[in-house]
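Coordinates from query_10.cif are shown below (mmCIF, C-alpha atoms and all ligand atoms).
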```
data_query
loop_
_atom_site.group_PDB
_atom_site.id
_atom_site.type_symbol
_atom_site.label_atom_id
_atom_site.label_comp_id
_atom_site.auth_asym_id
_atom_site.auth_seq_id
_atom_site.Cartn_x
_atom_site.Cartn_y
_atom_site.Cartn_z
ATOM 1 C CA MET A 1 27.025 4.129 -7.367
ATOM 2 C CA ILE A 2 26.106 0.800 -5.740
ATOM 3 C CA SER A 3 28.540 -0.366 -3.089
ATOM 4 C CA PRO A 4 30.139 -3.764 -3.899
ATOM 5 C CA GLU A 5 28.767 -5.501 -0.815
ATOM 6 C CA LEU A 6 25.234 -5.173 -2.194
ATOM 7 C CA THR A 7 26.077 -7.626 -4.934
ATOM 8 C CA THR A 8 27.276 -10.291 -2.446
ATOM 9 C CA PRO A 9 24.969 -12.546 -0.443
ATOM 10 C CA ALA A 10 26.036 -10.754 2.755
ATOM 11 C CA PHE A 11 22.538 -9.409 3.299
ATOM 12 C CA SER A 12 23.319 -8.391 6.848
ATOM 13 C CA LEU A 13 25.306 -5.540 5.280
ATOM 14 C CA PHE A 14 22.207 -4.331 3.466
ATOM 15 C CA PRO A 15 21.023 -0.948 4.787
ATOM 16 C CA HIS A 16 17.547 -0.995 6.263
ATOM 17 C CA TRP A 17 15.620 0.746 3.465
ATOM 18 C CA LEU A 18 17.007 1.235 -0.029
ATOM 19 C CA PRO A 19 15.396 2.582 -3.225
ATOM 20 C CA VAL A 20 14.082 -0.416 -5.166
ATOM 21 C CA ALA A 21 16.389 0.224 -8.141
ATOM 22 C CA ALA A 22 19.455 0.087 -5.879
ATOM 23 C CA ALA A 23 18.380 -3.341 -4.596
ATOM 24 C CA GLN A 24 17.926 -4.812 -8.076
ATOM 25 C CA PRO A 25 21.520 -6.179 -8.414
ATOM 26 C CA ALA A 26 20.976 -8.289 -5.287
ATOM 27 C CA MET A 27 17.600 -9.613 -6.464
ATOM 28 C CA SER A 28 16.759 -12.430 -8.899
ATOM 29 C CA ALA A 29 14.478 -11.598 -11.844
ATOM 30 C CA PRO A 30 11.519 -13.619 -10.480
ATOM 31 C CA TRP A 31 11.691 -11.762 -7.157
ATOM 32 C CA TRP A 32 12.021 -8.423 -8.958
ATOM 33 C CA GLN A 33 8.665 -9.113 -10.656
ATOM 34 C CA TRP A 34 7.070 -9.289 -7.227
ATOM 35 C CA VAL A 35 9.000 -6.719 -5.232
ATOM 36 C CA ALA A 36 9.126 -3.931 -7.847
ATOM 37 C CA SER A 37 5.482 -4.250 -8.942
ATOM 38 C CA THR A 38 3.321 -1.208 -8.205
ATOM 39 C CA ASP A 39 -0.153 -2.607 -8.874
ATOM 40 C CA SER A 40 -2.297 -4.358 -6.248
ATOM 41 C CA LEU A 41 -0.460 -7.078 -4.351
ATOM 42 C CA THR A 42 -3.823 -8.448 -3.264
ATOM 43 C CA ALA A 43 -4.719 -8.997 -6.942
ATOM 44 C CA ARG A 44 -1.319 -10.546 -7.736
ATOM 45 C CA LEU A 45 -1.441 -12.933 -4.792
ATOM 46 C CA THR A 46 -5.025 -13.921 -5.588
ATOM 47 C CA ALA A 47 -3.971 -14.806 -9.152
ATOM 48 C CA ALA A 48 -0.716 -16.568 -8.205
ATOM 49 C CA GLY A 49 -2.343 -18.562 -5.401
ATOM 50 C CA THR A 50 -5.222 -19.910 -7.523
ATOM 51 C CA PRO A 51 -6.751 -22.482 -7.053
ATOM 52 C CA GLY A 52 -5.895 -21.726 -3.428
ATOM 53 C CA ARG A 53 -8.047 -19.108 -1.731
ATOM 54 C CA PHE A 54 -6.630 -15.667 -0.861
ATOM 55 C CA ARG A 55 -7.484 -14.440 2.612
ATOM 56 C CA VAL A 56 -6.440 -11.530 4.842
ATOM 57 C CA ARG A 57 -5.776 -12.658 8.418
ATOM 58 C CA LEU A 58 -5.997 -9.698 10.768
ATOM 59 C CA LEU A 59 -3.180 -9.894 13.321
ATOM 60 C CA ARG A 60 -3.658 -6.522 14.986
ATOM 61 C CA GLN A 61 -5.437 -3.254 14.363
ATOM 62 C CA CYS A 62 -5.115 -0.506 16.925
ATOM 63 C CA ILE A 63 -4.100 3.040 17.734
ATOM 64 C CA GLY A 64 -0.456 3.232 18.783
ATOM 65 C CA LEU A 65 2.877 4.892 18.314
ATOM 66 C CA PRO A 66 4.631 4.339 15.002
ATOM 67 C CA GLN A 67 8.232 3.153 14.851
ATOM 68 C CA ARG A 68 10.708 5.963 14.337
ATOM 69 C CA ASP A 69 11.438 5.006 10.706
ATOM 70 C CA GLU A 70 7.690 4.768 10.001
ATOM 71 C CA ALA A 71 7.075 8.265 11.360
ATOM 72 C CA MET A 72 9.947 9.558 9.236
ATOM 73 C CA ALA A 73 8.552 7.881 6.100
ATOM 74 C CA LEU A 74 5.183 9.564 6.757
ATOM 75 C CA GLY A 75 6.743 12.912 7.695
ATOM 76 C CA ILE A 76 5.089 13.004 11.138
ATOM 77 C CA ALA A 77 6.564 13.494 14.602
ATOM 78 C CA PRO A 78 7.539 10.137 16.167
ATOM 79 C CA ARG A 79 5.323 10.574 19.234
ATOM 80 C CA ARG A 80 2.118 11.258 17.301
ATOM 81 C CA TYR A 81 -0.473 8.504 17.579
ATOM 82 C CA ALA A 82 -1.215 6.566 14.422
ATOM 83 C CA TRP A 83 -3.582 3.914 13.101
ATOM 84 C CA LEU A 84 -1.686 0.617 12.909
ATOM 85 C CA ARG A 85 -2.827 -2.478 11.021
ATOM 86 C CA GLU A 86 -0.924 -5.748 10.802
ATOM 87 C CA VAL A 87 -2.088 -8.607 8.609
ATOM 88 C CA ALA A 88 -0.957 -11.880 7.105
ATOM 89 C CA LEU A 89 -1.916 -12.311 3.466
ATOM 90 C CA CYS A 90 -2.642 -16.027 3.181
ATOM 91 C CA ILE A 91 -3.299 -18.603 0.536
ATOM 92 C CA ASP A 92 -5.350 -21.425 2.026
ATOM 93 C CA ASP A 93 -4.413 -20.306 5.546
ATOM 94 C CA THR A 94 -0.653 -20.279 4.837
ATOM 95 C CA PRO A 95 0.797 -16.765 5.220
ATOM 96 C CA TRP A 96 2.696 -15.736 2.063
ATOM 97 C CA VAL A 97 3.159 -12.066 2.986
ATOM 98 C CA VAL A 98 2.923 -10.144 6.233
ATOM 99 C CA ALA A 99 2.086 -6.457 6.084
ATOM 100 C CA ARG A 100 1.951 -3.511 8.431
ATOM 101 C CA SER A 101 0.227 -0.292 7.481
ATOM 102 C CA VAL A 102 0.491 3.001 9.338
ATOM 103 C CA ALA A 103 -1.550 6.192 8.925
ATOM 104 C CA PRO A 104 -1.572 9.436 10.933
ATOM 105 C CA LEU A 105 -4.665 9.355 13.136
ATOM 106 C CA HIS A 106 -5.831 12.875 12.310
ATOM 107 C CA GLN A 107 -6.062 12.023 8.579
ATOM 108 C CA LEU A 108 -8.414 9.056 8.996
ATOM 109 C CA GLN A 109 -11.748 10.809 9.584
ATOM 110 C CA GLY A 110 -14.525 9.556 7.342
ATOM 111 C CA LYS A 111 -12.404 6.965 5.551
ATOM 112 C CA GLY A 112 -14.142 3.999 7.210
ATOM 113 C CA LEU A 113 -10.924 2.051 7.638
ATOM 114 C CA GLY A 114 -11.760 1.082 11.223
ATOM 115 C CA SER A 115 -14.365 -1.373 9.972
ATOM 116 C CA LEU A 116 -12.173 -2.977 7.287
ATOM 117 C CA GLY A 117 -11.721 -6.169 9.323
ATOM 118 C CA GLU A 118 -10.441 -9.010 7.151
ATOM 119 C CA ARG A 119 -11.264 -7.277 3.870
ATOM 120 C CA SER A 120 -8.135 -6.292 1.946
ATOM 121 C CA LEU A 121 -6.895 -2.764 2.413
ATOM 122 C CA GLY A 122 -5.358 -3.059 -1.059
ATOM 123 C CA SER A 123 -8.713 -3.781 -2.706
ATOM 124 C CA TRP A 124 -10.104 -0.621 -1.093
ATOM 125 C CA LEU A 125 -7.039 1.500 -1.924
ATOM 126 C CA PHE A 126 -6.871 0.561 -5.583
ATOM 127 C CA GLN A 127 -10.521 1.557 -6.059
ATOM 128 C CA GLN A 128 -9.712 5.169 -5.147
ATOM 129 C CA PRO A 129 -9.505 7.207 -8.371
ATOM 130 C CA ASP A 130 -7.086 9.787 -6.921
ATOM 131 C CA LEU A 131 -4.643 7.185 -5.540
ATOM 132 C CA VAL A 132 -0.951 8.090 -5.871
ATOM 133 C CA ARG A 133 1.794 5.664 -4.860
ATOM 134 C CA GLY A 134 5.161 7.009 -3.679
ATOM 135 C CA PRO A 135 8.504 5.386 -4.533
ATOM 136 C CA LEU A 136 9.174 1.826 -3.388
ATOM 137 C CA GLN A 137 11.939 1.070 -0.929
ATOM 138 C CA VAL A 138 13.311 -2.381 -0.164
ATOM 139 C CA THR A 139 14.871 -4.147 2.807
ATOM 140 C CA ALA A 140 16.450 -7.566 3.307
ATOM 141 C CA GLN A 141 15.874 -7.380 7.057
ATOM 142 C CA PRO A 142 12.976 -9.293 8.647
ATOM 143 C CA PRO A 143 9.863 -7.514 9.946
ATOM 144 C CA ARG A 144 9.979 -6.452 13.576
ATOM 145 C CA PHE A 145 6.251 -6.653 14.124
ATOM 146 C CA VAL A 146 5.092 -10.228 13.601
ATOM 147 C CA GLY A 147 6.320 -11.900 16.779
ATOM 148 C CA ASP A 148 5.008 -15.474 16.985
ATOM 149 C CA ALA A 149 2.154 -14.920 14.526
ATOM 150 C CA LEU A 150 4.026 -16.870 11.842
ATOM 151 C CA ASP A 151 3.748 -20.622 11.983
ATOM 152 C CA GLY A 152 6.744 -22.902 11.882
ATOM 153 C CA ASN A 153 9.944 -21.570 10.401
ATOM 154 C CA ALA A 154 8.679 -19.112 7.776
ATOM 155 C CA THR A 155 11.224 -16.353 7.238
ATOM 156 C CA SER A 156 11.151 -13.099 5.309
ATOM 157 C CA ARG A 157 12.926 -12.978 1.913
ATOM 158 C CA TRP A 158 12.332 -9.353 0.923
ATOM 159 C CA GLY A 159 10.486 -6.449 2.467
ATOM 160 C CA ARG A 160 9.248 -3.332 0.716
ATOM 161 C CA ARG A 161 7.384 -0.179 1.626
ATOM 162 C CA SER A 162 5.737 2.797 -0.006
ATOM 163 C CA VAL A 163 3.409 5.625 0.942
ATOM 164 C CA PHE A 164 -0.006 5.814 -0.712
ATOM 165 C CA GLN A 165 -1.799 9.184 -0.928
ATOM 166 C CA HIS A 166 -5.550 9.469 -1.275
ATOM 167 C CA GLY A 167 -7.935 12.274 -0.323
ATOM 168 C CA GLY A 168 -5.631 13.893 2.229
ATOM 169 C CA LEU A 169 -4.600 10.522 3.713
ATOM 170 C CA SER A 170 -0.998 9.273 3.719
ATOM 171 C CA LEU A 171 -0.771 5.542 4.306
ATOM 172 C CA LEU A 172 2.552 3.751 4.716
ATOM 173 C CA VAL A 173 2.268 0.110 3.586
ATOM 174 C CA GLN A 174 5.104 -2.292 4.419
ATOM 175 C CA GLU A 175 5.012 -5.809 2.971
ATOM 176 C CA TYR A 176 7.329 -8.724 3.692
ATOM 177 C CA PHE A 177 7.436 -11.660 1.294
ATOM 178 C CA LEU A 178 7.886 -14.967 3.096
ATOM 179 C CA SER A 179 9.773 -18.197 2.425
ATOM 180 C CA THR A 180 6.416 -20.038 2.312
ATOM 181 C CA MET A 181 5.501 -18.052 -0.805
ATOM 182 C CA ALA A 182 8.943 -18.687 -2.345
ATOM 183 C CA GLU A 183 8.516 -22.430 -1.812
ATOM 184 C CA ALA A 184 4.977 -22.530 -3.203
ATOM 185 C CA LEU A 185 5.914 -20.552 -6.340
ATOM 186 C CA ASN A 186 9.389 -22.054 -6.781
ATOM 187 C CA LEU A 187 11.153 -18.713 -6.418
ATOM 188 C CA PRO A 188 14.924 -18.525 -5.861
ATOM 189 C CA SER A 189 16.195 -17.737 -2.371
ATOM 190 C CA HIS A 190 16.550 -13.973 -3.067
HETATM 191 C C1 LIG B 1 -1.467 -2.355 -0.607
HETATM 192 C C2 LIG B 1 -2.111 -3.470 -0.749
HETATM 193 O O1 LIG B 1 -2.813 -3.994 0.275
HETATM 194 C C3 LIG B 1 -2.475 -5.213 0.858
HETATM 195 C C4 LIG B 1 -3.503 -5.535 1.899
HETATM 196 C C5 LIG B 1 -3.319 -5.157 3.197
HETATM 197 C C6 LIG B 1 -4.350 -5.220 4.284
HETATM 198 O O2 LIG B 1 -5.434 -5.726 4.107
HETATM 199 O O3 LIG B 1 -4.044 -4.714 5.364
HETATM 200 C C7 LIG B 1 -2.111 -4.647 3.557
HETATM 201 C C8 LIG B 1 -1.080 -4.517 2.723
HETATM 202 C C9 LIG B 1 -1.100 -5.048 1.391
HETATM 203 O O4 LIG B 1 -0.311 -6.143 1.308
HETATM 204 C C10 LIG B 1 -2.131 -4.206 -2.031
HETATM 205 O O5 LIG B 1 -2.928 -5.123 -2.182
HETATM 206 O O6 LIG B 1 -1.318 -3.839 -2.910
#
```
Will you turn the file into structure tokens for me?
Amino acid sequence: MISPELTTPAFSLFPHWLPVAAAQPAMSAPWWQWVASTDSLTARLTAAGTPGRFRVRLLRQCIGLPQRDEAMALGIAPRRYAWLREVALCIDDTPWVVARSVAPLHQLQGKGLGSLGERSLGSWLFQQPDLVRGPLQVTAQPPRFVGDALDGNATSRWGRRSVFQHGGLSLLVQEYFLSTMAEALNLPSH
């Protein structure tokens, strides 16, 4: 049963993370195509941004403590160190999506992710034959991680997250779709 406030524009009432199907009534069809898709976002953005050039801008990659909700999504203790990666996915230097990925440190050995740099994590992930993607969850709240990395007045329209599994690695990927992307692709507000 979906509570009535989810169908109103009062997005501040939206719980932080919700199964994607429960968010559908609050989402326009064009946004649903983006938010509920389970294939590579890198590939989708590259296609939608053409003739613009897709580029990953690395904002931060480090070892640190995950947020509490991130640790819970990965099923690890909140004070366990993790690999953190924050990027802006840009078309012609304009960020369309910002993303933060989190993986338990002890699962990273031999995966070579430390040297990924500005190559897309998605391109690497979707080449793994044993890749399994967990259920998508959605939020209408803005990301807490970007700080002043976004230029001008870009705001988040929808956020989503899911856990990828590959070769003993669990990787939480959180992606926030920005107003800049909505404007460029003529998407409705939500
Ligand atoms: C999961 C994907 O990877 C994308 C690329 C990322 C990166 O390079 O860090 C991060 C999150 C995603 O937006 C994808 O393309 O679907």
Could I get the residue neighbourhood of ligand LIG 1 (chain B) at 9 Å, counting only C-alpha atoms and all ligand atoms, as an MDAnalysis selection string? chainID A and resid 38:45 56:58 85:89 97:101 116:126 162 164 173:176
Across A:Ala36, A:Ala71, A:Ala77, A:Cys90, the smallest distance to Met181 of chain A, with all atoms listed in the file counted, is shown by A:Cys90
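Taking atom CA of Gln24 of chain A as the reference point, atom CA of Ala154 of chain A is found at 23.3 Å.
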How would you write, as a PyMOL selection string, the residues chosen by the PyMOL selection byres (((chain A and resi 81) around 12) and not hetatm) on this structure? chain A and resi 62-68+70-71+76-80+82-84+102-108
Which residue out of A:Thr139, A:Ala48, A:Gly167, A:Val146 has the minimum interatomic distance to Met27 of chain A when only C-alpha atoms are used? A:Thr139
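Between atom CA of His190 of chain A and atom CA of Trp158 of chain A lies a distance of 7.4 Å.
With all atoms listed in the file as the atoms that count, the minimum distance from Leu178 of chain A to the choices A:Gln137, A:Gln127, A:Thr94, A:Gln109 is reached by A:Thr94.
Between atom CA of Gly110 of chain A and atom CA of Gly168 of chain A lies a distance of 11.1 Å.
Take the candidates A:Leu74, A:Trp17, A:Pro188, A:Asn153 and check each one against Gly134 of chain A using all atoms listed in the file; the shortest distance goes to A:Leu74.
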If you count only C-alpha atoms, the residue of A:His16, A:Trp96, A:Leu172, A:Ala23 closest to Thr155 of chain A turns out to be A:Trp96
Using the chain letters and numbers from this file, what does the PyMOL selection byres (((chain A and resi 54) around 6) and not hetatm) select? Give the answer as a PyMOL selection string. chain A and resi 46+53+55+90-91
To box segment 134-149 of chain A, take all atoms listed in the file, fit an axis-aligned box, add 5 Å on each side, and give centre and edge lengths in Å to one decimal, as AutoDock Vina command-line options.
```
--center_x 9.3 --center_y -4.2 --center_z 6.2 --size_x 24.3 --size_y 32.5 --size_z 31.5
```
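Restricting the calculation to all atoms listed in the file, the smallest distance between Pro135 of chain A and any of A:Ser156, A:Leu113, A:Val163, A:Gly52 is found for A:Val163.
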